[in-house]
$ cat final32.cif   # mmCIF, C-alpha atoms and all ligand atoms
data_data
loop_
_atom_site.label_atom_id
_atom_site.label_comp_id
_atom_site.auth_asym_id
_atom_site.auth_seq_id
_atom_site.Cartn_x
_atom_site.Cartn_y
_atom_site.Cartn_z
CA MET K 1 154.76 76.68 189.63
CA LYS K 2 153.09 74.99 192.59
CA CYS K 3 155.63 73.75 195.15
CA ARG K 4 153.60 71.92 197.76
CA ALA K 5 153.45 68.58 199.55
CA GLY K 6 152.82 65.56 197.36
CA ILE K 7 154.75 66.73 194.31
CA GLY K 8 156.88 64.36 192.20
CA ALA K 9 160.69 64.04 192.50
CA ALA K 10 161.48 66.03 189.33
CA MET K 11 159.16 68.80 190.42
CA ALA K 12 160.65 68.77 193.93
CA ALA K 13 164.12 69.28 192.46
CA ALA K 14 162.85 72.18 190.34
CA CYS K 15 161.19 73.64 193.42
CA ALA K 16 164.41 73.37 195.41
CA LEU K 17 166.14 75.40 192.69
CA ALA K 18 163.33 77.93 192.79
CA ALA K 19 163.62 78.22 196.59
CA PRO K 20 164.23 81.99 196.85
CA ALA K 21 161.08 82.73 194.86
CA LEU K 22 159.18 80.26 196.99
CA ALA K 23 159.83 82.26 200.17
CA ALA K 24 157.60 85.02 198.81
CA ASP K 25 154.82 82.54 197.98
CA GLY K 26 151.81 83.04 200.16
CA ASP K 27 150.36 80.22 202.26
CA ALA K 28 146.62 80.83 202.02
CA ALA K 29 145.79 78.47 204.93
CA ARG K 30 148.06 80.41 207.26
CA GLY K 31 146.71 83.65 205.79
CA LYS K 32 143.20 82.57 206.71
CA ARG K 33 144.21 82.13 210.35
CA LEU K 34 145.90 85.55 210.38
CA ALA K 35 142.82 87.08 208.79
CA TYR K 36 140.71 86.61 211.93
CA THR K 37 141.96 90.02 213.09
CA CYS K 38 140.91 91.59 209.82
CA MET K 39 137.45 90.18 209.29
CA GLY K 40 135.80 92.30 212.02
CA CYS K 41 136.04 95.12 209.47
CA HIS K 42 136.77 93.55 206.06
CA GLY K 43 134.41 90.59 206.48
CA ILE K 44 131.28 92.64 207.14
CA GLU K 45 129.30 93.81 204.10
CA HIS K 46 129.04 97.59 203.91
CA TYR K 47 131.03 98.13 207.11
CA LYS K 48 132.03 101.80 207.36
CA ASN K 49 135.14 103.62 208.47
CA ALA K 50 134.09 106.24 211.03
CA TYR K 51 136.10 109.44 210.35
CA PRO K 52 135.80 110.23 207.50
CA LYS K 53 132.85 107.97 206.79
CA TYR K 54 133.34 105.62 203.84
CA SER K 55 133.10 101.89 203.18
CA VAL K 56 135.90 99.57 204.26
CA PRO K 57 137.39 98.27 200.97
CA LYS K 58 136.54 94.84 199.58
CA LEU K 59 139.60 92.58 199.53
CA GLY K 60 138.11 89.34 198.15
CA GLY K 61 139.57 88.57 194.72
CA GLN K 62 142.04 91.46 194.83
CA SER K 63 145.43 90.81 193.24
CA ALA K 64 147.87 89.23 195.73
CA ALA K 65 150.79 91.35 194.51
CA TYR K 66 148.77 94.52 195.06
CA LEU K 67 147.54 93.42 198.53
CA GLU K 68 151.12 92.82 199.63
CA ALA K 69 152.21 96.19 198.26
CA ALA K 70 149.26 97.93 199.94
CA LEU K 71 150.11 96.45 203.36
CA ALA K 72 153.77 97.41 202.88
CA SER K 73 152.79 100.98 202.03
CA TYR K 74 150.76 101.36 205.25
CA GLN K 75 153.80 100.06 207.10
CA ALA K 76 156.05 102.54 205.27
CA GLY K 77 153.68 105.43 206.09
CA ALA K 78 152.70 106.18 202.47
CA ARG K 79 149.01 105.93 203.48
CA TRP K 80 147.42 107.85 206.31
CA HIS K 81 144.87 105.45 207.86
CA PRO K 82 145.91 105.07 211.55
CA THR K 83 144.33 101.66 212.27
CA MET K 84 145.67 100.09 209.09
CA LYS K 85 149.10 101.60 209.73
CA GLY K 86 149.10 100.13 213.24
CA LEU K 87 147.98 96.70 212.09
CA ALA K 88 150.33 96.59 209.09
CA SER K 89 153.31 97.53 211.24
CA THR K 90 152.96 94.22 213.11
CA LEU K 91 153.10 92.08 209.93
CA SER K 92 156.20 90.34 208.55
CA ALA K 93 156.77 89.96 204.80
CA GLN K 94 155.62 86.34 205.12
CA ASP K 95 152.45 87.44 206.96
CA ARG K 96 151.69 89.91 204.15
CA ALA K 97 152.22 87.23 201.50
CA ASP K 98 150.04 84.71 203.37
CA LEU K 99 147.20 87.17 204.00
CA ALA K 100 147.37 88.30 200.37
CA ALA K 101 147.16 84.70 199.15
CA TRP K 102 144.02 84.07 201.18
CA PHE K 103 142.17 87.27 200.20
CA ALA K 104 143.19 86.89 196.54
CA GLY K 105 141.74 83.37 196.46
CA PHE K 106 138.14 84.63 196.42
CA ARG K 107 137.06 84.55 192.81
CA VAL K 108 133.89 85.63 191.23
CA THR K 109 133.26 83.85 187.98
CA PRO K 110 130.74 86.09 186.30
CA GLU K 111 128.56 84.45 183.68
CA ALA K 112 128.69 87.55 181.52
CA LYS K 113 131.91 89.29 180.58
CA GLY K 114 132.69 92.85 179.54
CA PRO K 115 131.90 96.23 181.05
CA VAL K 116 128.53 97.04 182.63
CA GLY K 117 127.05 100.31 181.33
CA THR K 118 128.90 103.06 179.51
CA ALA K 119 132.27 104.21 180.80
CA PRO K 120 132.56 107.94 181.57
CA GLU K 121 134.95 109.88 179.32
CA ALA K 122 137.56 110.20 182.06
CA ALA K 123 137.92 106.38 182.20
CA ALA K 124 139.92 106.45 178.95
CA ALA K 125 142.95 107.52 181.02
CA CYS K 126 142.60 104.49 183.32
CA SER K 127 142.09 101.54 180.98
CA ALA K 128 145.75 100.88 180.12
CA CYS K 129 146.36 99.78 183.71
CA HIS K 130 142.96 99.03 185.25
CA GLY K 131 141.21 97.72 182.11
CA VAL K 132 137.98 99.10 180.65
CA ASP K 133 136.07 97.02 183.21
CA GLY K 134 138.40 97.75 186.16
CA ALA K 135 139.75 94.19 186.42
CA GLY K 136 143.40 95.32 186.29
CA THR K 137 145.79 94.54 183.44
CA LEU K 138 148.84 93.50 185.53
CA PRO K 139 149.17 92.06 189.07
CA GLU K 140 150.57 95.34 190.45
CA ASN K 141 147.52 97.27 189.23
CA PRO K 142 144.65 96.80 191.67
CA THR K 143 141.25 95.51 190.62
CA ILE K 144 138.82 98.37 191.11
CA ALA K 145 135.83 96.56 189.56
CA GLY K 146 133.09 96.07 192.12
CA GLN K 147 134.85 98.10 194.81
CA HIS K 148 132.62 100.38 196.92
CA ALA K 149 132.05 103.71 195.14
CA ASP K 150 132.63 105.79 198.26
CA TYR K 151 135.97 104.01 198.92
CA LEU K 152 137.10 104.57 195.30
CA ALA K 153 136.21 108.27 195.57
CA GLN K 154 138.02 108.53 198.92
CA ALA K 155 141.14 106.85 197.45
CA LEU K 156 141.19 109.16 194.42
CA ASP K 157 140.75 112.19 196.66
CA ASP K 158 143.55 110.98 198.94
CA TYR K 159 145.91 110.67 195.96
CA ARG K 160 144.83 114.08 194.68
CA LEU K 161 145.53 115.71 198.05
CA GLY K 162 148.76 113.77 198.64
CA ARG K 163 147.42 111.97 201.74
CA ARG K 164 148.08 108.75 199.91
CA GLN K 165 151.41 108.68 198.16
CA ASN K 166 151.94 106.94 194.86
CA PRO K 167 153.88 108.50 191.99
CA VAL K 168 151.64 106.96 189.31
CA MET K 169 148.21 107.59 190.80
CA GLY K 170 149.13 110.97 192.27
CA GLY K 171 149.49 112.36 188.77
CA PHE K 172 146.34 110.78 187.35
CA ALA K 173 144.16 111.80 190.31
CA ALA K 174 145.45 115.38 190.30
CA ALA K 175 144.08 115.76 186.76
CA LEU K 176 140.51 114.80 187.81
CA THR K 177 137.66 117.11 188.80
CA ARG K 178 135.27 116.20 191.64
CA ASP K 179 132.55 115.37 189.11
CA GLU K 180 134.88 113.07 187.20
CA ILE K 181 135.87 111.30 190.44
CA ALA K 182 132.19 110.74 191.27
CA ALA K 183 131.44 109.39 187.76
CA LEU K 184 134.50 107.09 187.74
CA ALA K 185 133.75 105.75 191.23
CA ALA K 186 130.12 105.04 190.29
CA TYR K 187 131.10 103.32 187.02
CA PHE K 188 133.88 101.08 188.39
CA SER K 189 131.82 100.10 191.46
CA ARG K 190 129.12 98.75 189.13
CA GLN K 191 131.54 96.38 187.36
CA ARG K 192 131.78 92.68 188.22
CA GLY K 193 134.84 92.03 190.37
CA LEU K 194 135.77 92.26 194.03
CA VAL K 195 133.78 90.59 196.81
CA THR K 196 133.58 90.80 200.59
CA PRO K 197 135.52 87.77 201.89
CA ALA K 198 133.84 85.32 204.24
CA PHE K 199 135.00 82.36 206.34
CA ASP K 200 133.53 79.11 205.01
C1 LIG U 1 139.17 98.51 212.34
C2 LIG U 1 138.82 98.08 211.00
C3 LIG U 1 139.89 97.37 210.18
C4 LIG U 1 140.61 96.23 210.53
C5 LIG U 1 140.54 95.44 211.82
C6 LIG U 1 141.43 95.94 209.38
N1 LIG U 1 141.23 96.85 208.38
FE1 LIG U 1 142.18 96.89 206.57
N2 LIG U 1 141.24 98.62 206.12
C7 LIG U 1 140.31 99.27 206.93
C8 LIG U 1 139.95 100.54 206.30
C9 LIG U 1 138.97 101.57 206.83
C10 LIG U 1 140.72 100.62 205.11
C11 LIG U 1 140.79 101.79 204.13
C12 LIG U 1 141.94 102.68 204.63
C13 LIG U 1 142.38 103.72 203.67
O1 LIG U 1 141.53 104.50 203.19
O2 LIG U 1 143.59 103.75 203.38
C14 LIG U 1 141.50 99.39 205.03
C15 LIG U 1 142.37 99.09 203.98
C16 LIG U 1 143.02 97.90 203.83
C17 LIG U 1 143.79 97.53 202.68
C18 LIG U 1 143.99 98.35 201.43
C19 LIG U 1 142.95 97.95 200.40
C20 LIG U 1 143.15 98.61 199.08
O3 LIG U 1 142.31 98.38 198.20
O4 LIG U 1 144.12 99.33 198.89
C21 LIG U 1 144.29 96.28 202.91
C22 LIG U 1 145.15 95.44 201.98
C23 LIG U 1 143.84 95.88 204.22
N3 LIG U 1 143.06 96.88 204.75
C24 LIG U 1 144.13 94.67 204.81
C25 LIG U 1 143.84 94.38 206.14
C26 LIG U 1 144.35 93.22 206.84
C27 LIG U 1 145.24 92.18 206.21
C28 LIG U 1 143.88 93.29 208.12
C29 LIG U 1 144.15 92.33 209.26
C30 LIG U 1 145.56 92.14 209.60
C31 LIG U 1 143.04 94.47 208.20
N4 LIG U 1 143.06 95.11 206.99
C32 LIG U 1 142.33 94.87 209.32
C33 LIG U 1 139.79 98.81 208.11
C34 LIG U 1 140.29 97.74 208.83
C1 LIG U 2 149.95 103.66 184.63
C2 LIG U 2 149.03 102.77 185.29
C3 LIG U 2 147.78 103.36 185.92
C4 LIG U 2 146.85 104.23 185.35
C5 LIG U 2 146.84 104.80 183.94
C6 LIG U 2 145.83 104.43 186.37
N1 LIG U 2 146.14 103.72 187.49
FE1 LIG U 2 145.02 103.66 189.19
N2 LIG U 2 146.45 102.54 190.09
C7 LIG U 2 147.62 102.10 189.50
C8 LIG U 2 148.47 101.49 190.51
C9 LIG U 2 149.84 100.86 190.28
C10 LIG U 2 147.77 101.60 191.73
C11 LIG U 2 148.24 101.17 193.13
C12 LIG U 2 148.85 102.40 193.79
C13 LIG U 2 149.04 102.30 195.29
O1 LIG U 2 149.68 101.34 195.74
O2 LIG U 2 148.51 103.17 196.02
C14 LIG U 2 146.50 102.25 191.43
C15 LIG U 2 145.52 102.51 192.36
C16 LIG U 2 144.26 103.03 192.07
C17 LIG U 2 143.17 103.15 193.01
C18 LIG U 2 143.18 102.68 194.46
C19 LIG U 2 142.67 101.27 194.52
C20 LIG U 2 142.54 100.74 195.91
O3 LIG U 2 142.12 99.58 196.05
O4 LIG U 2 142.81 101.46 196.88
C21 LIG U 2 142.12 103.71 192.34
C22 LIG U 2 140.74 104.01 192.89
C23 LIG U 2 142.56 103.94 190.99
N3 LIG U 2 143.88 103.53 190.86
C24 LIG U 2 141.78 104.51 190.00
C25 LIG U 2 142.29 104.94 188.78
C26 LIG U 2 141.54 105.75 187.85
C27 LIG U 2 140.10 106.20 188.06
C28 LIG U 2 142.37 106.00 186.78
C29 LIG U 2 142.10 106.85 185.57
C30 LIG U 2 141.74 108.23 185.83
C31 LIG U 2 143.64 105.31 187.05
N4 LIG U 2 143.54 104.69 188.28
C32 LIG U 2 144.72 105.26 186.19
C33 LIG U 2 147.93 102.20 188.16
C34 LIG U 2 147.31 103.06 187.27
#
$ encode --input "final32.cif" --output "structure tokens"
Amino acid sequence: MKCRAGIGAAMAAACALAAPALAADGDAARGKRLAYTCMGCHGIEHYKNAYPKYSVPKLGGQSAAYLEAALASYQAGARWHPTMKGLASTLSAQDRADLAAWFAGFRVTPEAKGPVGTAPEAAAACSACHGVDGAGTLPENPTIAGQHADYLAQALDDYRLGRRQNPVMGGFAAALTRDEIAALAAYFSRQRGLVTPAFD
């Protein structure tokens, strides 16, 4: 339900009842202003993290629920990246929701649908949550379609080695070989999905 300015009286009453849920709603316009700090890294195509060297992840079109959860897990220390931990620790729950709303608003509307190329065998274990084409089957499951291959490989390695903590992905990543990680990262990065966000 959209609860914004200019809504009718009946809708306003319904929105008043739904007030607790509304607090978690992201304000994309405010998120855009907050995102100025982020775009020096996330807004530059192919920008690389220095040590270890891998691409800064694409956030454009990512699921809002996942973006919020990701920022909260940096804050909670479940992910190792020092800069992201530092930045996330300054954000309130409302900031996270607003930023997530703005980044999630980037949509690619591909003309063609369906997976690009043939999925590697190991992808069978991923499709229930991420979809055959990596688009994600539920809001809490991130879109991995179109993400940079070297970031996907880094993330899977981090789960495997326990540097990134998540009970679900820890188990799946631990079962993968290096070759499977490389094949999965290459396949999902080729799918239509995430984009690098840009200010209009
Ligand atoms: C100095 C560069 C830099 C800045 C500035 C920066 N980020 Fe990041 N961000 C990164 C890198 C590198 C990663 C990948 C870290 C990792 O491997 O965990 C990342 C990861 C993330 C992720 C996780 C993505 C995923 O797919 O799980 C989110 C969400 C995120 N950043 C949001 C933000 C927001 C919001 C801001 C601004 C408040 C911001 N970042 C500012 C470099 C940066
Ligand atoms: C049961 C559901 C489920 C299955 C099956 C699953 N994932 Fe995930 N995946 C998740 C969730 C939930 C997250 C977010 C975890 C977090 O917050 O770190 C995630 C995160 C990821 C990420 C990090 C994305 C990012 O933006 O940082 C990658 C890469 C990934 N999964 C790849 C895979 C691959 C490859 C497989 C198959 C081998 C797989 N997943 C199987 C649910 C699943």
$ atom_distance --input "final32.cif" --atom1 "atom O2 of ligand LIG 2 (chain U)" --atom2 "CA of Arg107 in chain K"
22.1 Å
$ closest_residue --input "final32.cif" --among "K:Ala112, K:Ala64, K:Leu184, K:Ala28" --to "Thr143 in chain K" --atoms "all atoms listed in the file"
K:Ala64
$ residues_around --input "final32.cif" --residues "Ile44 in chain K" --least-positions-apart "6" --cutoff "10 Å" --atoms "only C-alpha atoms" --output "list of chain:residue names"
K:Val56, K:Lys58, K:Thr196, K:Pro197, K:Ala198
$ atom_distance --input "final32.cif" --atom1 "CA of Gly77 in chain K" --atom2 "CA of Ala135 in chain K"
26.6 Å
$ residues_near_ligand --input "final32.cif" --ligand "ligand LIG 2 (chain U)" --cutoff "6 Å" --atoms "all atoms listed in the file" --output "PyMOL selection string"
chain K and resi 70+122-123+125-126+128-129+140-142+144+152+155-156+166+168-169+172+184
$ closest_residue --input "final32.cif" --among "K:Lys53, K:Leu67, K:Asp25, K:Glu45" --to "ligand LIG 1 (chain U)" --atoms "all atoms listed in the file"
K:Leu67
$ closest_residue --input "final32.cif" --among "K:Glu68, K:Asp157, K:Asp95, K:Asp27" --to "Asp179 in chain K" --atoms "only C-alpha atoms"
K:Asp157
$ closest_residue --input "final32.cif" --among "K:Pro82, K:Gly193, K:Pro167, K:Pro120" --to "ligand LIG 1 (chain U)" --atoms "all atoms listed in the file"
K:Pro82
$ atom_distance --input "final32.cif" --atom1 "CA of Ala149 in chain K" --atom2 "atom C16 of ligand LIG 1 (chain U)"
15.2 Å
$ residues_near_ligand --input "final32.cif" --ligand "ligand LIG 1 (chain U)" --cutoff "9 Å" --atoms "all atoms listed in the file" --output "ChimeraX atom specification"
/K:31,34-42,47-50,53-59,62,66-72,74,79-85,87-88,90-91,95-96,99-100,103,142-144,147,151-152,154-155,158,164
$ closest_residue --input "final32.cif" --among "K:Tyr159, K:Tyr187, K:Gly117, K:Ser63" --to "Ala175 in chain K" --atoms "only C-alpha atoms"
K:Tyr159
$ residues_around --input "final32.cif" --residues "Gly26 in chain K" --least-positions-apart "5" --cutoff "6 Å" --atoms "only C-alpha atoms" --output "PDB file with C-alpha atoms, keeping the file's coordinate frame"
ATOM      1  CA  ALA K  97     152.220  87.230 201.500  1.00  0.00           C
ATOM      2  CA  ASP K  98     150.040  84.710 203.370  1.00  0.00           C
ATOM      3  CA  ALA K 101     147.160  84.700 199.150  1.00  0.00           C
TER       4      ALA K 101
END
$ residues_near_point --input "final32.cif" --point "(133.9, 112.7, 196.0)" --cutoff "6 Å" --atoms "all atoms listed in the file" --output "PyMOL selection string"
chain K and resi 153+178+182
$ closest_residue --input "final32.cif" --among "K:Ala93, K:Leu161, K:Val116, K:Val195" --to "Ala174 in chain K" --atoms "only C-alpha atoms"
K:Leu161
$ residues_around --input "final32.cif" --residues "Gly146 in chain K" --least-positions-apart "6" --cutoff "6 Å" --atoms "only C-alpha atoms" --output "VMD selection string"
chain K and resid 189 to 194
$ axis_aligned_box --input "final32.cif" --around "range 121-136 of chain K" --padding-each-side "4 Å" --output "JSON"
{"center_x": 140.7, "center_y": 102.2, "center_z": 182.7, "size_x": 19.4, "size_y": 24.0, "size_z": 15.5}
